[in-house]
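Trainee: Input protein-v5.txt, format and content: compact mmCIF, C-alpha atoms.
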```txt
# COMPACT_ATOMS: atom_id res chain seq x y z
CA MET A 1 -85.24 -14.50 -124.48
CA SER A 2 -83.40 -12.05 -122.23
CA ASP A 3 -81.01 -11.26 -125.12
CA PHE A 4 -83.98 -10.44 -127.35
CA LEU A 5 -85.42 -8.12 -124.70
CA LYS A 6 -82.12 -6.34 -124.20
CA GLU A 7 -81.57 -5.92 -127.95
CA LYS A 8 -85.04 -5.06 -129.25
CA TYR A 9 -86.34 -3.07 -126.28
CA GLN A 10 -83.04 -1.52 -125.12
CA LEU A 11 -83.66 -2.79 -121.61
CA ASP A 12 -80.99 -2.50 -118.96
CA PRO A 13 -79.62 -6.02 -118.22
CA GLY A 14 -80.18 -5.41 -114.52
CA ILE A 15 -83.92 -4.95 -115.11
CA VAL A 16 -84.23 -8.23 -117.02
CA GLU A 17 -82.29 -10.07 -114.32
CA LEU A 18 -84.43 -8.52 -111.57
CA VAL A 19 -87.62 -9.65 -113.29
CA GLU A 20 -86.34 -13.17 -113.89
CA ALA A 21 -85.30 -13.50 -110.24
CA SER A 22 -88.74 -12.31 -109.11
CA GLU A 23 -90.46 -14.86 -111.34
CA ASN A 24 -88.48 -17.66 -109.70
CA SER A 25 -89.55 -16.41 -106.26
CA LEU A 26 -93.22 -16.34 -107.26
CA ALA A 27 -93.52 -19.86 -108.70
CA SER A 28 -95.72 -21.23 -105.91
CA ILE A 29 -98.02 -18.18 -105.91
CA PHE A 30 -98.42 -18.44 -109.68
CA LEU A 31 -99.35 -22.11 -109.29
CA GLY A 32 -102.17 -21.11 -106.95
CA ARG A 33 -103.52 -18.71 -109.56
CA GLU A 34 -103.57 -21.53 -112.11
CA LYS A 35 -105.87 -23.57 -109.88
CA ILE A 36 -108.33 -20.67 -109.54
CA LYS A 37 -108.26 -20.18 -113.31
CA GLU A 38 -109.04 -23.82 -113.94
CA GLU A 39 -112.07 -23.89 -111.64
CA ASN A 40 -113.46 -20.70 -113.18
CA GLN A 41 -112.93 -22.06 -116.68
CA TYR A 42 -114.95 -25.16 -115.92
CA LYS A 43 -117.70 -23.00 -114.39
CA VAL A 44 -118.03 -20.97 -117.60
CA ILE A 45 -118.03 -24.03 -119.85
CA HIS A 46 -120.67 -25.68 -117.67
CA ALA A 47 -122.92 -22.60 -117.94
CA MET A 48 -122.71 -22.66 -121.72
CA GLN A 49 -123.38 -26.39 -121.88
CA LYS A 50 -126.26 -26.26 -119.40
CA HIS A 51 -128.04 -23.62 -121.48
CA ASN A 52 -127.41 -25.42 -124.80
CA LEU A 53 -125.43 -22.67 -126.50
CA SER A 54 -125.49 -23.11 -130.27
CA ASP A 55 -124.16 -21.18 -133.27
CA GLN A 56 -127.73 -20.06 -134.01
CA HIS A 57 -127.39 -17.75 -131.00
CA PHE A 58 -124.76 -15.70 -132.83
CA ASN A 59 -127.20 -14.42 -135.46
CA TRP A 60 -128.47 -10.84 -135.82
CA THR A 61 -131.95 -9.53 -135.27
CA THR A 62 -133.34 -6.17 -136.39
CA GLY A 63 -135.70 -3.43 -135.28
CA TYR A 64 -137.05 -3.91 -131.78
CA GLY A 65 -135.06 -7.09 -131.28
CA TYR A 66 -138.03 -9.18 -130.21
CA ASN A 67 -137.13 -12.83 -129.70
CA ASP A 68 -133.41 -12.16 -129.94
CA LEU A 69 -132.30 -15.72 -129.09
CA GLY A 70 -128.67 -14.74 -128.67
CA ARG A 71 -129.49 -11.96 -126.24
CA GLU A 72 -131.68 -14.23 -124.14
CA LYS A 73 -129.07 -17.00 -124.16
CA THR A 74 -126.26 -14.62 -123.21
CA GLU A 75 -128.21 -13.32 -120.25
CA ALA A 76 -129.10 -16.83 -119.10
CA ILE A 77 -125.43 -17.84 -119.26
CA PHE A 78 -124.29 -14.76 -117.31
CA ALA A 79 -126.95 -15.43 -114.67
CA GLU A 80 -125.64 -18.98 -114.35
CA ILE A 81 -121.99 -17.90 -114.09
CA PHE A 82 -122.78 -15.31 -111.41
CA ASP A 83 -125.17 -17.60 -109.53
CA THR A 84 -128.15 -15.26 -109.91
CA GLU A 85 -131.78 -15.41 -110.97
CA ASP A 86 -131.40 -13.09 -113.94
CA ALA A 87 -128.97 -10.85 -115.82
CA LEU A 88 -128.96 -7.91 -118.18
CA VAL A 89 -126.08 -7.97 -120.70
CA ARG A 90 -126.26 -5.25 -123.33
CA PRO A 91 -123.96 -3.44 -125.76
CA ASN A 92 -125.73 -0.13 -125.10
CA ILE A 93 -124.49 -0.11 -121.51
CA VAL A 94 -121.54 2.10 -122.38
CA ASN A 95 -119.23 1.40 -119.40
CA GLY A 96 -119.11 0.27 -115.80
CA THR A 97 -120.20 3.68 -114.50
CA HIS A 98 -123.29 3.48 -116.72
CA ALA A 99 -124.14 0.00 -115.38
CA LEU A 100 -123.81 1.24 -111.79
CA SER A 101 -125.80 4.38 -112.58
CA LEU A 102 -128.64 2.31 -114.05
CA CYS A 103 -128.83 0.23 -110.88
CA LEU A 104 -128.79 3.15 -108.47
CA SER A 105 -131.27 5.19 -110.51
CA ALA A 106 -133.66 2.25 -110.84
CA LEU A 107 -133.52 0.97 -107.28
CA LEU A 108 -133.61 4.26 -105.37
CA SER A 109 -136.55 6.69 -105.17
CA PRO A 110 -136.86 10.22 -103.72
CA GLY A 111 -136.49 10.07 -99.95
CA ASP A 112 -134.47 6.82 -99.99
CA LEU A 113 -130.98 6.58 -98.51
CA MET A 114 -127.93 4.99 -100.14
CA LEU A 115 -125.20 3.93 -97.71
CA SER A 116 -121.70 3.14 -98.97
CA VAL A 117 -119.82 0.99 -96.47
CA THR A 118 -116.53 1.00 -98.40
CA GLY A 119 -115.87 4.72 -98.17
CA ALA A 120 -116.18 7.09 -101.08
CA PRO A 121 -116.98 5.29 -104.34
CA TYR A 122 -114.89 5.50 -107.50
CA ASP A 123 -114.37 9.04 -108.82
CA THR A 124 -116.75 8.71 -111.78
CA LEU A 125 -119.71 8.12 -109.43
CA HIS A 126 -119.24 11.34 -107.46
CA GLU A 127 -121.23 13.46 -109.92
CA LEU A 128 -123.95 10.81 -110.23
CA ILE A 129 -124.42 10.76 -106.46
CA GLY A 130 -124.06 14.53 -106.15
CA LEU A 131 -120.80 14.63 -104.19
CA GLU A 132 -119.36 16.86 -106.93
CA GLY A 133 -120.99 19.14 -109.47
CA SER A 134 -124.68 19.94 -109.70
CA TYR A 135 -126.31 17.83 -112.38
CA PRO A 136 -130.14 17.91 -112.60
CA HIS A 137 -130.38 14.12 -112.60
CA SER A 138 -127.86 13.41 -109.84
CA LEU A 139 -129.23 11.38 -106.94
CA LYS A 140 -128.85 14.40 -104.68
CA ASN A 141 -131.01 16.59 -106.92
CA LEU A 142 -133.62 13.82 -107.04
CA ASN A 143 -133.78 13.97 -103.22
CA ILE A 144 -132.02 10.64 -102.75
CA LYS A 145 -129.86 10.84 -99.64
CA TYR A 146 -126.33 9.50 -99.33
CA GLU A 147 -124.11 8.48 -96.42
CA GLN A 148 -120.79 6.67 -96.31
CA MET A 149 -118.66 4.78 -93.82
CA ASP A 150 -115.13 3.53 -94.26
CA LEU A 151 -114.72 -0.23 -94.13
CA ASP A 152 -112.50 -0.03 -91.04
CA ILE A 153 -115.34 1.78 -89.26
CA ILE A 154 -117.66 -1.14 -90.02
CA ILE A 155 -115.17 -3.86 -89.05
CA LYS A 156 -112.38 -3.33 -86.52
CA ASP A 157 -110.11 -6.17 -85.41
CA GLY A 158 -112.58 -8.63 -86.92
CA ASN A 159 -115.52 -7.28 -84.92
CA PHE A 160 -118.50 -5.34 -86.26
CA ILE A 161 -119.01 -1.87 -84.86
CA ASN A 162 -121.47 0.91 -85.60
CA SER A 163 -124.30 -1.60 -86.10
CA ALA A 164 -126.65 0.72 -84.21
CA ARG A 165 -125.72 3.55 -86.56
CA ILE A 166 -126.53 1.42 -89.61
CA ARG A 167 -129.92 0.50 -88.13
CA GLU A 168 -130.57 4.14 -87.33
CA LEU A 169 -129.81 5.22 -90.90
CA ASN A 170 -132.09 2.47 -92.23
CA PRO A 171 -130.82 2.69 -95.83
CA LYS A 172 -132.80 1.41 -98.79
CA LEU A 173 -129.56 0.26 -100.43
CA VAL A 174 -126.11 -0.61 -99.08
CA TYR A 175 -123.31 -0.21 -101.59
CA LEU A 176 -119.97 -2.02 -101.62
CA GLN A 177 -117.14 -1.34 -104.05
CA ARG A 178 -115.12 -4.50 -104.46
CA SER A 179 -112.03 -3.03 -106.10
CA THR A 180 -109.58 -0.49 -104.73
CA GLY A 181 -110.57 2.23 -107.22
CA TYR A 182 -108.25 5.18 -106.69
CA SER A 183 -107.71 4.31 -103.02
CA PHE A 184 -104.80 2.46 -101.45
CA ARG A 185 -106.79 -0.23 -99.66
CA PRO A 186 -106.92 -3.92 -100.57
CA ALA A 187 -109.84 -5.11 -102.67
CA ILE A 188 -112.57 -6.77 -100.59
CA ARG A 189 -112.23 -10.54 -100.50
CA ILE A 190 -115.36 -12.61 -101.05
CA SER A 191 -114.98 -14.11 -97.57
CA GLU A 192 -114.91 -10.62 -96.06
CA MET A 193 -117.83 -9.53 -98.20
CA GLU A 194 -119.88 -12.49 -97.04
CA LYS A 195 -119.43 -11.47 -93.39
CA ILE A 196 -120.33 -7.84 -94.11
CA ILE A 197 -123.44 -8.78 -96.08
CA GLN A 198 -124.58 -11.32 -93.51
CA HIS A 199 -124.16 -8.82 -90.68
CA ILE A 200 -126.02 -6.03 -92.47
CA LYS A 201 -128.85 -8.37 -93.47
CA GLU A 202 -129.22 -9.37 -89.82
CA GLN A 203 -129.70 -5.70 -88.95
CA LEU A 204 -131.84 -4.82 -91.96
CA PRO A 205 -133.35 -7.92 -93.63
CA HIS A 206 -135.04 -6.00 -96.44
CA VAL A 207 -132.09 -3.81 -97.47
CA ILE A 208 -130.76 -4.14 -101.04
CA ILE A 209 -127.07 -5.08 -101.10
CA MET A 210 -125.41 -3.84 -104.29
CA VAL A 211 -121.81 -4.54 -105.27
CA ASP A 212 -119.68 -2.71 -107.81
CA ASN A 213 -117.97 -5.82 -109.23
CA CYS A 214 -115.71 -4.01 -111.72
CA TYR A 215 -112.19 -5.50 -111.94
CA GLY A 216 -113.19 -8.39 -109.65
CA GLU A 217 -114.77 -11.03 -111.89
CA PHE A 218 -113.00 -14.43 -111.92
CA ILE A 219 -110.35 -13.35 -109.39
CA GLU A 220 -111.79 -15.84 -106.91
CA THR A 221 -113.89 -18.92 -107.54
CA THR A 222 -117.10 -17.35 -106.20
CA GLU A 223 -118.74 -13.99 -106.87
CA PRO A 224 -120.54 -11.54 -104.53
CA THR A 225 -123.97 -12.83 -105.56
CA SER A 226 -123.00 -16.28 -104.29
CA VAL A 227 -122.57 -14.90 -100.75
CA GLY A 228 -125.69 -12.77 -100.41
CA ALA A 229 -125.32 -9.70 -102.64
CA ASP A 230 -128.67 -8.90 -104.25
CA ILE A 231 -127.29 -7.28 -107.40
CA ILE A 232 -123.89 -6.66 -109.02
CA ALA A 233 -122.77 -4.63 -112.01
CA GLY A 234 -119.70 -4.41 -114.20
CA SER A 235 -118.19 -3.65 -117.59
CA LEU A 236 -117.61 -6.05 -120.49
CA ILE A 237 -114.38 -4.29 -121.46
CA LYS A 238 -112.94 -5.27 -118.11
CA ASN A 239 -112.56 -8.82 -116.79
CA PRO A 240 -115.64 -10.64 -118.15
CA GLY A 241 -115.10 -9.50 -121.73
CA GLY A 242 -111.78 -11.34 -121.92
CA GLY A 243 -110.36 -8.68 -124.25
CA ILE A 244 -112.79 -9.80 -126.97
CA ALA A 245 -116.06 -7.99 -126.18
CA LEU A 246 -116.18 -4.75 -128.15
CA THR A 247 -118.30 -2.84 -125.64
CA GLY A 248 -121.10 -3.26 -123.13
CA GLY A 249 -121.89 -3.91 -119.52
CA TYR A 250 -123.77 -6.38 -117.36
CA ILE A 251 -126.03 -6.40 -114.32
CA ALA A 252 -126.86 -9.64 -112.51
CA GLY A 253 -128.96 -10.39 -109.47
CA LYS A 254 -132.45 -11.07 -108.20
CA SER A 255 -134.98 -11.14 -111.01
CA ASN A 256 -137.21 -8.39 -109.59
CA LEU A 257 -134.24 -6.03 -109.26
CA VAL A 258 -132.86 -6.81 -112.71
CA GLU A 259 -136.31 -6.15 -114.15
CA LEU A 260 -136.43 -2.72 -112.50
CA VAL A 261 -133.00 -1.89 -113.95
CA SER A 262 -134.05 -3.07 -117.41
CA GLN A 263 -136.98 -0.65 -117.32
CA ARG A 264 -134.55 2.17 -116.56
CA LEU A 265 -132.38 1.06 -119.49
CA THR A 266 -135.30 1.00 -121.94
CA ALA A 267 -138.70 2.17 -120.63
CA PRO A 268 -141.35 1.10 -118.13
CA GLY A 269 -143.40 -1.70 -119.63
CA ILE A 270 -140.69 -2.64 -122.13
CA GLY A 271 -137.79 -3.69 -119.92
CA LYS A 272 -135.73 -6.59 -121.25
CA GLU A 273 -138.03 -7.46 -124.14
CA CYS A 274 -136.43 -5.04 -126.62
CA GLY A 275 -132.90 -4.11 -127.51
CA LEU A 276 -130.67 -5.32 -130.32
CA THR A 277 -127.35 -6.93 -129.58
CA PHE A 278 -125.98 -5.67 -132.94
CA GLY A 279 -124.15 -8.89 -133.70
CA THR A 280 -122.08 -8.72 -130.51
CA THR A 281 -123.33 -11.98 -129.00
CA ARG A 282 -120.46 -14.04 -130.40
CA SER A 283 -117.75 -11.70 -129.12
CA VAL A 284 -119.39 -11.32 -125.70
CA LEU A 285 -119.70 -15.08 -125.20
CA GLN A 286 -116.27 -15.85 -126.62
CA GLY A 287 -114.91 -13.14 -124.35
CA VAL A 288 -116.44 -14.60 -121.21
CA PHE A 289 -115.21 -18.05 -122.31
CA LEU A 290 -111.64 -16.69 -122.44
CA ALA A 291 -112.01 -14.49 -119.37
CA PRO A 292 -110.81 -16.95 -116.68
CA ASN A 293 -107.50 -17.42 -118.50
CA VAL A 294 -107.07 -13.74 -119.38
CA VAL A 295 -107.83 -12.63 -115.83
CA SER A 296 -105.34 -15.14 -114.47
CA GLU A 297 -102.63 -13.80 -116.78
CA ALA A 298 -103.39 -10.23 -115.68
CA VAL A 299 -103.27 -11.15 -111.99
CA LYS A 300 -99.91 -12.86 -112.42
CA GLY A 301 -98.61 -9.65 -113.98
CA ALA A 302 -99.95 -7.61 -111.06
CA ILE A 303 -98.27 -9.98 -108.58
CA LEU A 304 -94.97 -9.62 -110.45
CA ALA A 305 -95.24 -5.82 -110.32
CA SER A 306 -96.00 -5.96 -106.60
CA HIS A 307 -93.00 -8.19 -105.89
CA ILE A 308 -90.54 -6.08 -107.88
CA PHE A 309 -91.60 -2.66 -106.63
CA ASN A 310 -91.88 -3.90 -103.06
CA LYS A 311 -88.34 -5.19 -103.33
CA LEU A 312 -87.23 -1.80 -104.61
CA GLY A 313 -88.65 -0.07 -101.55
CA TYR A 314 -91.95 1.27 -102.85
CA SER A 315 -95.21 0.93 -100.94
CA VAL A 316 -97.47 -1.47 -102.83
CA ASN A 317 -101.04 -2.65 -102.33
CA PRO A 318 -101.63 -5.52 -102.26
CA GLU A 319 -98.26 -7.01 -101.37
CA PRO A 320 -97.11 -9.96 -103.49
CA ASN A 321 -98.13 -12.70 -101.06
CA GLU A 322 -101.50 -11.18 -100.13
CA ALA A 323 -104.78 -12.66 -101.33
CA ARG A 324 -106.41 -10.69 -104.15
CA SER A 325 -109.91 -9.77 -105.18
CA ASP A 326 -109.29 -7.51 -108.19
CA ILE A 327 -106.74 -7.16 -110.99
CA ILE A 328 -105.38 -3.81 -109.82
CA GLN A 329 -101.89 -3.28 -108.45
CA ALA A 330 -101.37 0.05 -106.69
CA ILE A 331 -97.84 1.42 -106.35
CA CYS A 332 -97.01 4.60 -104.43
CA LEU A 333 -94.48 6.51 -106.56
CA ASN A 334 -94.35 9.73 -104.51
CA SER A 335 -93.66 12.11 -107.39
CA PRO A 336 -95.41 13.33 -110.57
CA GLU A 337 -92.25 12.67 -112.58
CA LYS A 338 -92.23 9.01 -111.57
CA LEU A 339 -95.94 8.62 -112.30
CA MET A 340 -95.47 10.06 -115.79
CA ALA A 341 -92.35 7.95 -116.42
CA PHE A 342 -94.11 4.77 -115.33
CA CYS A 343 -97.05 5.42 -117.66
CA LYS A 344 -94.72 6.31 -120.53
CA GLY A 345 -92.99 2.95 -120.15
CA VAL A 346 -96.27 1.02 -120.12
CA GLN A 347 -97.45 2.88 -123.22
CA GLU A 348 -94.25 1.96 -125.06
CA ALA A 349 -94.98 -1.70 -124.29
CA ALA A 350 -98.40 -1.50 -125.99
CA PRO A 351 -99.14 -3.20 -129.34
CA VAL A 352 -101.33 -0.21 -130.30
CA ASP A 353 -100.17 3.44 -130.11
CA SER A 354 -96.81 2.49 -128.62
CA PHE A 355 -95.38 5.69 -130.17
CA VAL A 356 -97.72 7.93 -128.16
CA THR A 357 -96.57 9.69 -124.99
CA PRO A 358 -99.35 9.78 -122.36
CA MET A 359 -99.93 13.15 -120.71
CA PRO A 360 -102.18 14.25 -117.83
CA TRP A 361 -105.56 15.58 -118.96
CA ASP A 362 -108.99 16.62 -117.68
CA MET A 363 -110.70 13.27 -118.05
CA PRO A 364 -114.54 13.35 -117.83
CA GLY A 365 -115.83 12.28 -114.43
CA TYR A 366 -112.59 13.00 -112.52
CA GLN A 367 -111.82 16.01 -110.32
CA ASP A 368 -108.04 15.82 -110.78
CA GLN A 369 -106.13 15.49 -114.00
CA VAL A 370 -105.49 11.83 -114.82
CA ILE A 371 -102.62 10.26 -116.75
CA MET A 372 -103.41 7.01 -118.50
CA ALA A 373 -101.31 4.60 -120.52
CA ALA A 374 -103.57 2.41 -122.63
CA GLY A 375 -102.58 1.12 -126.05
CA ALA A 376 -105.40 -1.37 -126.47
CA PHE A 377 -107.25 -3.17 -129.26
CA ILE A 378 -110.50 -2.19 -127.54
CA GLN A 379 -110.56 1.49 -126.60
CA GLY A 380 -110.53 1.90 -122.82
CA SER A 381 -110.28 -1.84 -122.19
CA SER A 382 -108.94 -2.19 -118.64
CA ILE A 383 -108.39 -5.93 -119.00
CA GLU A 384 -105.78 -5.06 -121.60
CA LEU A 385 -102.51 -3.72 -120.22
CA SER A 386 -102.91 -0.23 -118.81
CA ALA A 387 -101.66 2.06 -116.08
CA ASP A 388 -103.23 5.21 -114.78
CA GLY A 389 -103.41 7.52 -111.81
CA PRO A 390 -104.66 10.91 -110.67
CA MET A 391 -102.10 13.70 -110.64
CA ARG A 392 -102.30 14.25 -106.90
CA PRO A 393 -100.05 13.32 -103.98
CA PRO A 394 -98.85 10.73 -103.13
CA TYR A 395 -98.96 9.87 -106.85
CA HIS A 396 -100.24 6.33 -106.86
CA VAL A 397 -100.13 4.46 -110.13
CA TYR A 398 -102.71 1.74 -110.74
CA TYR A 399 -101.36 -1.03 -112.93
CA GLN A 400 -103.77 -3.57 -114.35
CA GLY A 401 -104.53 -5.92 -117.18
CA GLY A 402 -102.58 -7.77 -119.78
CA LEU A 403 -104.22 -10.28 -122.09
CA THR A 404 -101.06 -12.35 -121.71
CA TYR A 405 -98.62 -12.54 -118.83
CA ALA A 406 -95.69 -11.86 -121.18
CA HIS A 407 -97.22 -8.55 -122.20
CA SER A 408 -97.81 -7.54 -118.59
CA LYS A 409 -94.20 -8.41 -117.81
CA LEU A 410 -92.97 -6.28 -120.69
CA GLY A 411 -94.97 -3.32 -119.37
CA ILE A 412 -93.28 -3.66 -115.99
CA MET A 413 -89.82 -3.78 -117.55
CA LYS A 414 -90.45 -0.73 -119.74
CA ALA A 415 -91.82 1.17 -116.75
CA LEU A 416 -88.69 0.29 -114.76
CA GLN A 417 -86.50 1.44 -117.65
CA HIS A 418 -88.14 4.87 -117.75
CA LEU A 419 -87.99 5.23 -113.98
CA LYS A 420 -84.29 4.44 -114.12
CA GLU A 421 -83.75 7.14 -116.74
CA ILE A 422 -85.17 9.91 -114.55
CA PRO A 423 -82.16 12.12 -113.70
CA LYS A 424 -80.56 11.35 -110.33
CA ASN A 425 -82.92 8.49 -109.75
CA ASP A 426 -81.71 4.93 -110.04
CA VAL A 427 -84.69 2.79 -108.97
CA ILE A 428 -82.80 -0.42 -109.45
CA ASN A 429 -80.30 0.55 -106.75
CA GLN A 430 -82.49 2.70 -104.48
```
For this file, write the structure as structure tokens.

Mentor:
Amino acid sequence: MSDFLKEKYQLDPGIVELVEASENSLASIFLGREKIKEENQYKVIHAMQKHNLSDQHFNWTTGYGYNDLGREKTEAIFAEIFDTEDALVRPNIVNGTHALSLCLSALLSPGDLMLSVTGAPYDTLHELIGLEGSYPHSLKNLNIKYEQMDLDIIIKDGNFINSARIRELNPKLVYLQRSTGYSFRPAIRISEMEKIIQHIKEQLPHVIIMVDNCYGEFIETTEPTSVGADIIAGSLIKNPGGGIALTGGYIAGKSNLVELVSQRLTAPGIGKECGLTFGTTRSVLQGVFLAPNVVSEAVKGAILASHIFNKLGYSVNPEPNEARSDIIQAICLNSPEKLMAFCKGVQEAAPVDSFVTPMPWDMPGYQDQVIMAAGAFIQGSSIELSADGPMRPPYHVYYQGGLTYAHSKLGIMKALQHLKEIPKNDVINQ
């Protein structure tokens, strides 16, 4: 196979050898990922069997969508998978940001306080909250207050601090972002999340704990709602869609909270009772069926990237032997040229639009220009192979996805090839 790679992709032999050596070193770590995949696969199958999924649930409805059996079955299955009372799974939730926005807008009222305990949330939420811009319907302009604390201010050396401050703030909702986003911290492990949630609930029993679960589904064998989170939200074109779902998002949690969110999605008094699924039920359920395997393949690719770039002297997060709780691999490249070269290599590895050269642009919802490599079958699908990063120092690239491990590996090799071709920069020998 190495001869094919060298011939068809014009890869430097040293790159192929480096990757093969890394794979041999990672055999035991990869085996551990296989065990997590297997348990998650059985969990999904059990949910479908328990709720008697049948091919009749793949049929269309029209108009208002009353008695859409497929929609109701899909939401029951998602609730089962995420260990919750109810779920909202809809194609008209346009992305993860929309799912999060629906939750925050539905659960917070004027005068309430939202407290983020994982630092600043992902860039696309800044305008929703009111940290950037001045939109009439931002939380800030609706008189919803916001405070944030970094995770290391909440927990230091394994001990909780600032508990008095949290009680003093008395938030209506505490927000945790599971994934790294555009930060350089590790994703929050479920075991860590459980301790945080338990501690906050001891201080404030009635607070709503909400988790941004994007990029984290099926990474571990339990989800945030299994350890005390009241509500979670995510995108179907990330992990749980398995590369099959065409669009959509999900919200899962306590039934009273999901009902409030559903009334924000449609209208008060209508809630979950209306809303076509537009024939997407089959792809959504087939996607979540495939998701444990697809996520496992993507994580193996991220681990490989971490091992290789760590060996080459780059700062990486997480490191190859660290436990993971999202699919994202952050690599500190330290120059705009390297960030652009990396993304160009990943784009050339894509099955779709491999001939396109990614360039930085003013992407909606971001304050800095962003460069993104994403040649995907589903537009914007982050579970498919992609790489992106904001054009700001220290020029982190965020590598994620890959429906198959082989594709993720190819992306790494093409990225290395383009980094090697930067004048006066030999990454293989640095």

Trainee: If I take CA of Ser109 (chain A) and CA of Ile188 (chain A), how far is one from the other in Å, to one decimal?

Mentor: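 Calculated distance between CA of Ser109 (chain A) and CA of Ile188 (chain A) is 27.9 Å.
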
Trainee: Give me, as a Markdown table, the closest atom pair and its distance (Å, one decimal) for every residue of region 16-73 of chain A within a cut-off of 8 Å of region 211-222 of chain A, counting all atoms listed in the file, rows sorted by chain and rising number.

Mentor:
```
| residue | atom | partner | partner_atom | distance |
| --- | --- | --- | --- | --- |
| A:Ile36 | CA | A:Thr221 | CA | 6.2 |
| A:Lys37 | CA | A:Phe218 | CA | 7.6 |
| A:Glu39 | CA | A:Thr221 | CA | 6.7 |
| A:Asn40 | CA | A:Thr221 | CA | 5.9 |
```

Trainee: By how many Å are CA of Ile144 (chain A) and CA of Gly253 (chain A) apart?

Mentor: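 Distance reported for this atom pair: 22.3 Å.
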
Trainee: Could you give me, as a list of chain:residue names, the residues within 12 Å of Thr61 (chain A), counting only C-alpha atoms and dropping anything in the same chain fewer than 2 positions from it?

Mentor: A:Gln56, A:His57, A:Phe58, A:Asn59, A:Gly63, A:Tyr64, A:Gly65, A:Tyr66, A:Asn67, A:Asp68, A:Leu69, A:Gly70, A:Arg71, A:Cys274, A:Gly275, A:Leu276, A:Thr277, A:Phe278, A:Gly279, A:Thr280, A:Thr281

Trainee: Could those residues be written to a file, using C-alpha atoms, as a CSV table (one decimal), keeping the file's coordinate frame?

Mentor:
```csv
chain,number,residue,atom,x,y,z
A,56,GLN,CA,-127.7,-20.1,-134.0
A,57,HIS,CA,-127.4,-17.8,-131.0
A,58,PHE,CA,-124.8,-15.7,-132.8
A,59,ASN,CA,-127.2,-14.4,-135.5
A,63,GLY,CA,-135.7,-3.4,-135.3
A,64,TYR,CA,-137.0,-3.9,-131.8
A,65,GLY,CA,-135.1,-7.1,-131.3
A,66,TYR,CA,-138.0,-9.2,-130.2
A,67,ASN,CA,-137.1,-12.8,-129.7
A,68,ASP,CA,-133.4,-12.2,-129.9
A,69,LEU,CA,-132.3,-15.7,-129.1
A,70,GLY,CA,-128.7,-14.7,-128.7
A,71,ARG,CA,-129.5,-12.0,-126.2
A,274,CYS,CA,-136.4,-5.0,-126.6
A,275,GLY,CA,-132.9,-4.1,-127.5
A,276,LEU,CA,-130.7,-5.3,-130.3
A,277,THR,CA,-127.4,-6.9,-129.6
A,278,PHE,CA,-126.0,-5.7,-132.9
A,279,GLY,CA,-124.2,-8.9,-133.7
A,280,THR,CA,-122.1,-8.7,-130.5
A,281,THR,CA,-123.3,-12.0,-129.0
```

Trainee: Rank nothing, just name the residue among A:Pro240, A:Pro318, A:Gly133, A:Gly402 nearest to Arg185 (chain A), using all atoms listed in the file.

Mentor: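 Counting all atoms listed in the file, the residue closest to Arg185 (chain A) is A:Pro318.
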
Trainee: So what do you get for CA of Lys338 (chain A) versus CA of Gly96 (chain A), distance-wise?

Mentor: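 Between CA of Lys338 (chain A) and CA of Gly96 (chain A) the gap works out to 28.6 Å.
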